[in-house]
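Data from coords_9.cif: mmCIF, C-alpha atoms and all ligand atoms
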```
data_query
#
loop_
_atom_site.label_atom_id
_atom_site.label_comp_id
_atom_site.auth_asym_id
_atom_site.auth_seq_id
_atom_site.Cartn_x
_atom_site.Cartn_y
_atom_site.Cartn_z
CA MET E 53 -4.10 -4.67 -12.95
CA LEU E 54 -1.92 -4.34 -9.86
CA GLY E 55 -0.96 -7.68 -8.33
CA ARG E 56 -0.15 -8.45 -4.72
CA MET E 57 3.18 -6.83 -3.84
CA GLU E 58 5.72 -7.10 -1.04
CA ILE E 59 6.15 -3.53 0.23
CA GLY E 60 8.67 -2.38 2.84
CA VAL E 61 7.99 0.73 4.94
CA LEU E 62 11.02 2.30 6.65
CA GLY E 63 10.00 4.16 9.79
CA ALA E 64 6.58 2.49 9.95
CA THR E 65 6.36 3.26 13.68
CA GLY E 66 5.38 6.91 13.06
CA PRO E 67 1.81 8.00 12.29
CA ALA E 68 2.36 8.43 8.54
CA GLY E 69 4.27 5.18 7.95
CA ARG E 70 1.90 3.24 10.17
CA GLY E 71 -1.09 4.75 8.37
CA LEU E 72 0.23 3.88 4.94
CA ALA E 73 1.22 0.39 6.14
CA VAL E 74 -2.33 -0.41 7.30
CA ARG E 75 -3.86 0.96 4.09
CA LEU E 76 -1.51 -1.14 1.97
CA ALA E 77 -2.06 -4.25 4.09
CA ALA E 78 -5.83 -3.74 3.95
CA ALA E 79 -5.50 -3.57 0.16
CA GLY E 80 -3.99 -7.08 0.27
CA HIS E 81 -0.27 -6.34 -0.06
CA ASP E 82 2.38 -8.02 2.10
CA VAL E 83 3.69 -5.13 4.16
CA LEU E 84 6.98 -5.19 6.06
CA ALA E 85 6.65 -2.53 8.77
CA GLY E 86 10.19 -1.38 9.59
CA SER E 87 11.91 0.39 12.44
CA ARG E 88 15.50 0.95 13.52
CA ASP E 89 14.47 -1.20 16.48
CA ARG E 90 12.66 -4.47 15.70
CA SER E 91 10.89 -4.52 19.08
CA ARG E 92 9.37 -1.08 18.38
CA ALA E 93 8.03 -2.38 15.06
CA GLU E 94 6.66 -5.46 16.84
CA GLY E 95 4.85 -3.28 19.38
CA ILE E 96 3.24 -1.17 16.64
CA VAL E 97 2.22 -4.17 14.56
CA GLU E 98 0.66 -5.80 17.62
CA GLU E 99 -1.27 -2.60 18.32
CA LEU E 100 -2.46 -2.40 14.70
CA ARG E 101 -3.50 -6.06 14.69
CA GLY E 102 -5.41 -5.43 17.92
CA ARG E 103 -7.26 -2.56 16.29
CA TRP E 104 -7.83 -3.87 12.77
CA GLY E 105 -7.61 -7.67 13.13
CA GLU E 106 -7.76 -9.71 9.93
CA ARG E 107 -7.86 -6.57 7.80
CA VAL E 108 -4.12 -6.14 8.41
CA ALA E 109 -3.20 -9.84 8.55
CA THR E 110 -0.47 -9.31 5.94
CA LEU E 111 1.42 -6.78 8.12
CA ARG E 112 4.77 -7.98 9.56
CA ALA E 113 7.25 -6.29 11.92
CA VAL E 114 10.83 -6.06 10.64
CA THR E 115 13.96 -3.92 10.88
CA ASN E 116 14.45 -1.06 8.41
CA ALA E 117 17.15 -3.13 6.68
CA GLU E 118 14.65 -5.96 6.11
CA ALA E 119 12.02 -3.47 4.92
CA ALA E 120 14.52 -2.04 2.41
CA ASP E 121 14.97 -5.59 1.08
CA ALA E 122 11.25 -5.88 0.22
CA ALA E 123 10.81 -7.47 -3.16
CA ASP E 124 8.63 -4.97 -4.97
CA LEU E 125 8.48 -1.50 -3.48
CA VAL E 126 9.87 0.50 -0.56
CA VAL E 127 8.45 3.56 1.21
CA VAL E 128 10.73 5.89 3.19
CA ALA E 129 8.44 7.09 6.00
CA THR E 130 10.95 8.20 8.62
CA ASN E 131 10.67 11.74 9.95
CA TRP E 132 11.85 14.13 7.25
CA GLU E 133 15.08 15.01 9.06
CA ALA E 134 16.16 11.34 8.82
CA ALA E 135 14.85 10.60 5.30
CA LEU E 136 18.12 11.38 3.51
CA GLU E 137 20.40 9.61 5.97
CA THR E 138 18.10 6.56 5.97
CA THR E 139 17.93 6.46 2.16
CA GLY E 140 21.71 6.71 1.92
CA ALA E 141 22.22 4.00 4.54
CA HIS E 142 20.04 1.54 2.60
CA ALA E 143 20.95 2.68 -0.92
CA ALA E 144 22.41 -0.67 -1.99
CA ALA E 145 19.21 -2.53 -1.08
CA LEU E 146 17.16 0.08 -2.97
CA ASP E 147 19.01 -0.44 -6.28
CA HIS E 148 16.52 -0.65 -9.18
CA LYS E 149 13.55 -0.59 -6.79
CA VAL E 150 10.62 1.77 -6.81
CA VAL E 151 11.08 3.93 -3.70
CA ILE E 152 8.31 6.22 -2.51
CA ALA E 153 9.43 9.52 -0.96
CA MET E 154 6.67 11.03 1.18
CA ALA E 155 8.73 13.45 3.30
CA ASN E 156 7.97 17.13 3.68
CA GLY E 157 10.70 19.30 5.17
CA LEU E 158 8.83 21.64 7.50
CA GLN E 159 9.70 24.31 10.01
CA LYS E 160 7.06 25.79 12.33
CA VAL E 161 7.29 29.57 12.57
CA GLY E 162 4.54 31.10 14.70
CA ARG E 163 1.15 30.15 13.29
CA GLU E 164 2.49 28.74 10.05
CA PHE E 165 4.74 26.11 8.55
CA ARG E 166 7.51 26.91 6.12
CA ALA E 167 9.05 24.46 3.69
CA VAL E 168 12.63 23.34 4.21
CA LEU E 169 14.02 22.28 0.85
CA PRO E 170 17.54 20.96 0.22
CA GLU E 171 19.78 22.35 -2.52
CA GLU E 172 18.69 19.52 -4.88
CA GLY E 173 15.24 21.18 -4.95
CA SER E 174 13.27 18.67 -2.88
CA LEU E 175 13.85 15.87 -0.41
CA ALA E 176 12.70 13.43 -3.10
CA GLN E 177 15.42 14.66 -5.49
CA ALA E 178 18.01 14.55 -2.71
CA MET E 179 16.95 10.95 -1.99
CA GLN E 180 17.36 10.14 -5.68
CA ALA E 181 20.88 11.61 -5.60
CA LEU E 182 21.78 9.45 -2.59
CA ALA E 183 20.34 6.28 -4.14
CA PRO E 184 21.07 6.89 -7.83
CA ASN E 185 20.02 3.40 -8.96
CA ALA E 186 16.69 3.51 -7.13
CA ARG E 187 13.59 4.73 -8.96
CA VAL E 188 12.38 7.42 -6.57
CA VAL E 189 8.74 8.47 -6.76
CA ALA E 190 7.28 11.37 -4.75
CA ALA E 191 3.76 10.62 -3.44
CA PHE E 192 1.42 10.91 -0.42
CA GLN E 193 2.92 14.24 0.83
CA HIS E 194 -0.53 15.80 1.29
CA VAL E 195 -2.43 12.90 2.84
CA PRO E 196 -2.80 13.40 6.61
CA ALA E 197 -1.48 10.54 8.71
CA ASP E 198 -4.56 10.26 10.92
CA ALA E 199 -6.80 9.85 7.86
CA LEU E 200 -4.42 7.25 6.40
CA GLY E 201 -4.49 5.29 9.63
CA ASP E 202 -8.26 5.07 10.05
CA LEU E 203 -9.47 2.24 7.84
CA ASP E 204 -13.09 3.01 8.69
CA GLU E 205 -12.92 6.53 7.23
CA PRO E 206 -12.82 7.35 3.51
CA LEU E 207 -9.54 9.04 2.59
CA GLU E 208 -10.89 11.75 0.28
CA SER E 209 -7.63 13.11 -1.03
CA ASP E 210 -5.78 13.53 -4.30
CA VAL E 211 -2.23 12.25 -4.53
CA ILE E 212 0.07 13.87 -7.06
CA VAL E 213 2.78 11.45 -8.14
CA CYS E 214 6.13 12.62 -9.58
CA ALA E 215 9.07 10.56 -10.85
CA ASP E 216 11.67 10.57 -13.59
CA ASP E 217 11.14 6.88 -14.35
CA ASP E 218 7.88 6.52 -16.32
CA ASP E 219 7.27 2.89 -15.32
CA ALA E 220 7.90 3.65 -11.64
CA ARG E 221 5.53 6.63 -11.78
CA ARG E 222 2.83 4.48 -13.43
CA GLU E 223 3.29 1.76 -10.82
CA VAL E 224 2.76 4.20 -7.96
CA LEU E 225 -0.17 5.87 -9.75
CA ALA E 226 -1.79 2.43 -10.00
CA LEU E 227 -1.04 1.73 -6.34
CA VAL E 228 -2.62 5.04 -5.26
CA ALA E 229 -5.64 4.52 -7.51
CA SER E 230 -6.15 1.06 -5.98
CA LEU E 231 -6.65 2.54 -2.49
CA PRO E 232 -10.33 3.31 -1.85
CA ASN E 233 -11.29 6.95 -2.51
CA LEU E 234 -7.79 8.23 -3.24
CA ARG E 235 -7.41 9.89 -6.64
CA ALA E 236 -4.07 9.51 -8.39
CA LEU E 237 -2.73 12.39 -10.50
CA ASP E 238 0.37 12.33 -12.72
CA GLY E 239 2.55 15.31 -11.76
CA GLY E 240 5.39 14.61 -14.18
CA SER E 241 9.07 14.39 -13.35
CA LEU E 242 10.78 14.42 -9.96
CA ALA E 243 11.71 18.09 -10.54
CA ASN E 244 8.09 18.87 -9.62
CA ALA E 245 8.43 17.26 -6.19
CA ASN E 246 9.75 20.67 -5.18
CA GLY E 247 6.26 22.18 -5.57
CA ILE E 248 4.63 19.19 -3.89
CA GLU E 249 6.81 19.47 -0.78
CA ALA E 250 6.60 23.28 -0.67
CA PHE E 251 2.81 23.16 -0.92
CA ALA E 252 2.61 20.87 2.11
CA ALA E 253 3.77 23.82 4.23
CA VAL E 254 1.02 26.01 2.75
CA LEU E 255 -1.65 23.35 3.28
CA LEU E 256 -0.65 22.88 6.93
CA SER E 257 -0.60 26.66 7.48
CA VAL E 258 -4.13 26.95 6.08
CA ASN E 259 -5.22 24.15 8.40
CA ILE E 260 -3.70 25.87 11.41
CA ARG E 261 -5.26 29.23 10.62
CA HIS E 262 -8.67 27.76 9.71
CA ARG E 263 -8.58 25.10 12.42
CA GLY E 264 -9.28 22.60 9.64
CA LYS E 265 -8.19 19.26 8.29
CA GLY E 266 -8.05 20.20 4.63
CA THR E 267 -6.46 17.80 2.15
CA LEU E 268 -5.76 18.21 -1.55
CA ARG E 269 -8.58 17.92 -4.11
CA LEU E 270 -8.18 19.27 -7.65
CA LEU E 271 -11.27 20.23 -9.66
CA GLY E 272 -11.66 19.78 -13.39
CA VAL E 273 -9.41 16.76 -13.82
CA ASP E 274 -10.20 13.05 -13.74
CA SER E 275 -8.14 10.59 -11.75
CA TRP E 276 -5.31 8.83 -13.61
CA ALA E 277 -6.43 5.68 -15.36
CA PRO E 278 -4.15 2.93 -16.71
N1 LIG E 301 2.29 13.13 9.63
C1 LIG E 301 1.63 13.40 8.50
O1 LIG E 301 0.42 13.74 8.49
C2 LIG E 301 2.34 13.26 7.18
C3 LIG E 301 1.62 13.34 5.98
C4 LIG E 301 2.30 13.16 4.77
C5 LIG E 301 3.66 12.94 4.77
N2 LIG E 301 4.34 12.89 5.95
C6 LIG E 301 5.78 12.60 5.94
O2 LIG E 301 5.90 11.25 6.35
C7 LIG E 301 7.10 11.08 7.12
C8 LIG E 301 6.75 10.45 8.45
O3 LIG E 301 5.93 11.33 9.19
P1 LIG E 301 5.58 11.02 10.72
O4 LIG E 301 4.76 12.13 11.21
O5 LIG E 301 5.07 9.62 10.81
O6 LIG E 301 7.06 11.09 11.34
P2 LIG E 301 7.61 10.78 12.82
O7 LIG E 301 6.55 10.17 13.64
O8 LIG E 301 8.26 12.01 13.33
O9 LIG E 301 8.79 9.73 12.52
C9 LIG E 301 8.55 8.49 11.89
C10 LIG E 301 9.63 7.50 12.31
O10 LIG E 301 10.93 7.95 11.92
C11 LIG E 301 11.89 7.18 12.64
N3 LIG E 301 13.04 8.01 13.00
C12 LIG E 301 13.09 9.04 13.89
N4 LIG E 301 14.36 9.54 13.96
C13 LIG E 301 15.09 8.80 13.10
C14 LIG E 301 16.47 8.81 12.75
N5 LIG E 301 17.33 9.70 13.26
N6 LIG E 301 16.89 7.89 11.83
C15 LIG E 301 16.03 6.98 11.28
N7 LIG E 301 14.73 6.93 11.61
C16 LIG E 301 14.26 7.82 12.50
C17 LIG E 301 11.17 6.67 13.91
O11 LIG E 301 11.07 5.26 13.76
P3 LIG E 301 11.95 4.23 14.63
O12 LIG E 301 12.39 4.97 15.88
O13 LIG E 301 10.98 3.14 14.93
O14 LIG E 301 13.08 3.81 13.76
C18 LIG E 301 9.80 7.31 13.81
O15 LIG E 301 8.76 6.52 14.34
C19 LIG E 301 7.74 12.46 7.27
O16 LIG E 301 8.79 12.56 6.35
C20 LIG E 301 6.61 13.41 6.93
O17 LIG E 301 7.10 14.60 6.34
C21 LIG E 301 3.71 13.02 7.16
#
```
Structure re-expressed in structure tokens:
Amino acid sequence: MLGRMEIGVLGATGPAGRGLAVRLAAAGHDVLAGSRDRSRAEGIVEELRGRWGERVATLRAVTNAEAADAADLVVVATNWEAALETTGAHAAALDHKVVIAMANGLQKVGREFRAVLPEEGSLAQAMQALAPNARVVAAFQHVPADALGDLDEPLESDVIVCADDDDARREVLALVASLPNLRALDGGSLANANGIEAFAAVLLSVNIRHRGKGTLRLLGVDSWAP
């Protein structure tokens, strides 16, 4: 059973970080919504409170440094180009913490996206290298930000979770499974984050070419259960 956690979100002012922050707050967690600029975080939190009221009462505006100090779990939700620099800058605060990497390196080429992967194999692995004492977990790469941010809509997506630390992976699987309608799937070690991030480019390309909003749903497998 997952208890109430204090969760920091770095870069919570963007659509994906903001979306995850409201979902986590609505699930009852204390969420520290971070930005490089506190006033930007305050503006976003005010907007979210205006839209969702008491459902996001546990959301608080902070700086990224304060979000990285969150007691239980940290999400790096900056744009992908800044994910490595931001992880490195806050590495000391992330020591021993579970850190969710949700970044997809993407380049738009004509009517498709192509994956941009660092030499470590994935952004998640590169984040792990920059914060070696953190317990980096790849998750949420395929959940669209607009769906995350709309508490009135069911999410209807699978989330494949990869990490080298078994306890950290289980913790994030439990967190995902606790969010209404999301299915959590154990994708093994962080080495497999490479496929997760690369597939995001394929999924977005399909959506462009089909004018769709497809998410990930695997057939023939049950959701992870504790
Ligand atoms: N959008 C999606 O549907 C989606 C889905 C799954 C995963 N993701 C991943 O989630 C992450 C966030 O996506 P997004 O679309 O929300 O990104 P975004 O809007 O482009 O950026 C998010 C935040 O990053 C911060 N940021 C920008 N430049 C920065 C820098 N140089 N250093 C530090 N922080 C910087 C900004 O926050 P402040 O200016 O307030 O600091 C910004 O609001 C990305 O890595 C993306 O790959 C996105």
For the interface of chain E with ligand LIG 301 (chain E) (cut-off 7 Å, counting all atoms listed in the file), please tabulate each contacting residue of chain E alongside its nearest pair of atoms and their separation in Å to one decimal, rows sorted by chain and increasing number, as JSON lines.
```
{"residue": "E:Gly63", "atom": "CA", "partner": "E:LIG301", "partner_atom": "C10", "distance": 4.2}
{"residue": "E:Ala64", "atom": "CA", "partner": "E:LIG301", "partner_atom": "C10", "distance": 6.3}
{"residue": "E:Thr65", "atom": "CA", "partner": "E:LIG301", "partner_atom": "O15", "distance": 4.1}
{"residue": "E:Gly66", "atom": "CA", "partner": "E:LIG301", "partner_atom": "O7", "distance": 3.5}
{"residue": "E:Pro67", "atom": "CA", "partner": "E:LIG301", "partner_atom": "O5", "distance": 3.9}
{"residue": "E:Ala68", "atom": "CA", "partner": "E:LIG301", "partner_atom": "O5", "distance": 3.7}
{"residue": "E:Gly69", "atom": "CA", "partner": "E:LIG301", "partner_atom": "O5", "distance": 5.3}
{"residue": "E:Ser87", "atom": "CA", "partner": "E:LIG301", "partner_atom": "O13", "distance": 3.8}
{"residue": "E:Arg88", "atom": "CA", "partner": "E:LIG301", "partner_atom": "O14", "distance": 3.8}
{"residue": "E:Asp89", "atom": "CA", "partner": "E:LIG301", "partner_atom": "O13", "distance": 5.8}
{"residue": "E:Arg92", "atom": "CA", "partner": "E:LIG301", "partner_atom": "O13", "distance": 5.7}
{"residue": "E:Ala93", "atom": "CA", "partner": "E:LIG301", "partner_atom": "O13", "distance": 6.3}
{"residue": "E:Ala129", "atom": "CA", "partner": "E:LIG301", "partner_atom": "C7", "distance": 4.4}
{"residue": "E:Thr130", "atom": "CA", "partner": "E:LIG301", "partner_atom": "O10", "distance": 3.3}
{"residue": "E:Asn131", "atom": "CA", "partner": "E:LIG301", "partner_atom": "O9", "distance": 3.8}
{"residue": "E:Trp132", "atom": "CA", "partner": "E:LIG301", "partner_atom": "O16", "distance": 3.6}
{"residue": "E:Ala134", "atom": "CA", "partner": "E:LIG301", "partner_atom": "N6", "distance": 4.6}
{"residue": "E:Ala135", "atom": "CA", "partner": "E:LIG301", "partner_atom": "O16", "distance": 6.5}
{"residue": "E:Thr138", "atom": "CA", "partner": "E:LIG301", "partner_atom": "C15", "distance": 5.7}
{"residue": "E:Met154", "atom": "CA", "partner": "E:LIG301", "partner_atom": "C5", "distance": 5.1}
{"residue": "E:Ala155", "atom": "CA", "partner": "E:LIG301", "partner_atom": "O16", "distance": 3.2}
{"residue": "E:Asn156", "atom": "CA", "partner": "E:LIG301", "partner_atom": "O17", "distance": 3.8}
{"residue": "E:Gly157", "atom": "CA", "partner": "E:LIG301", "partner_atom": "O17", "distance": 6.0}
{"residue": "E:Phe192", "atom": "CA", "partner": "E:LIG301", "partner_atom": "C4", "distance": 5.7}
{"residue": "E:Gln193", "atom": "CA", "partner": "E:LIG301", "partner_atom": "C4", "distance": 4.1}
{"residue": "E:His194", "atom": "CA", "partner": "E:LIG301", "partner_atom": "C4", "distance": 5.2}
{"residue": "E:Val195", "atom": "CA", "partner": "E:LIG301", "partner_atom": "C4", "distance": 5.1}
{"residue": "E:Pro196", "atom": "CA", "partner": "E:LIG301", "partner_atom": "O1", "distance": 3.7}
{"residue": "E:Ala197", "atom": "CA", "partner": "E:LIG301", "partner_atom": "O1", "distance": 3.7}
{"residue": "E:Asp198", "atom": "CA", "partner": "E:LIG301", "partner_atom": "O1", "distance": 6.5}
```
### Task
Just the residues within 6 Å of range 106-108 of chain E, please, counting all atoms listed in the file, with nothing from its chain fewer than 2 positions along; format it as a list of chain:residue names.
E:Ala77, E:Ala78, E:Trp104, E:Thr110, E:Leu111
### Query
For Ala181 in chain E, which residue out of E:Ser257, E:Ser209, E:Thr139, E:Ser230 is the nearest one, using only C-alpha atoms?
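Distance minimum relative to Ala181 in chain E lands on E:Thr139.
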### Task
Identify which of the residues E:Ile260, E:Val126, E:Leu234, E:Ala252 lies closest to Asp274 in chain E, counting only C-alpha atoms when measuring atom-to-atom distances.
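Nearest to Asp274 in chain E: E:Leu234.
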### Summary
Judged by all atoms listed in the file, the minimum distance to Ile59 in chain E among E:Leu182, E:Val273, E:Leu125, E:Leu100 is found for E:Leu125
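Each of E:Gly272, E:Gly105, E:Gly60, E:Gly71 was checked against Ala85 in chain E using all atoms listed in the file; the smallest atom-to-atom distance is that of E:Gly60.
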### Atom pair CA of Lys160 in chain E / CA of Leu242 in chain E: separation (Å)
25.3 Å
### Query
What separation in Å, quoted to one decimal, exists between CA of Leu76 in chain E and CA of Ile248 in chain E?
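Straight-line distance from CA of Leu76 in chain E to CA of Ile248 in chain E works out to 22.0 Å.
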### Message
When you count all atoms listed in the file, which of these residues is closest to Arg163 in chain E: E:Ala253, E:Cys214, E:Leu237, E:Ala119?
### Response
E:Ala253
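When all atoms listed in the file are used to compute distances to Ile152 in chain E, the closest of the residues E:Leu256, E:Ala220, E:Met57, E:Ala243 turns out to be E:Ala220.
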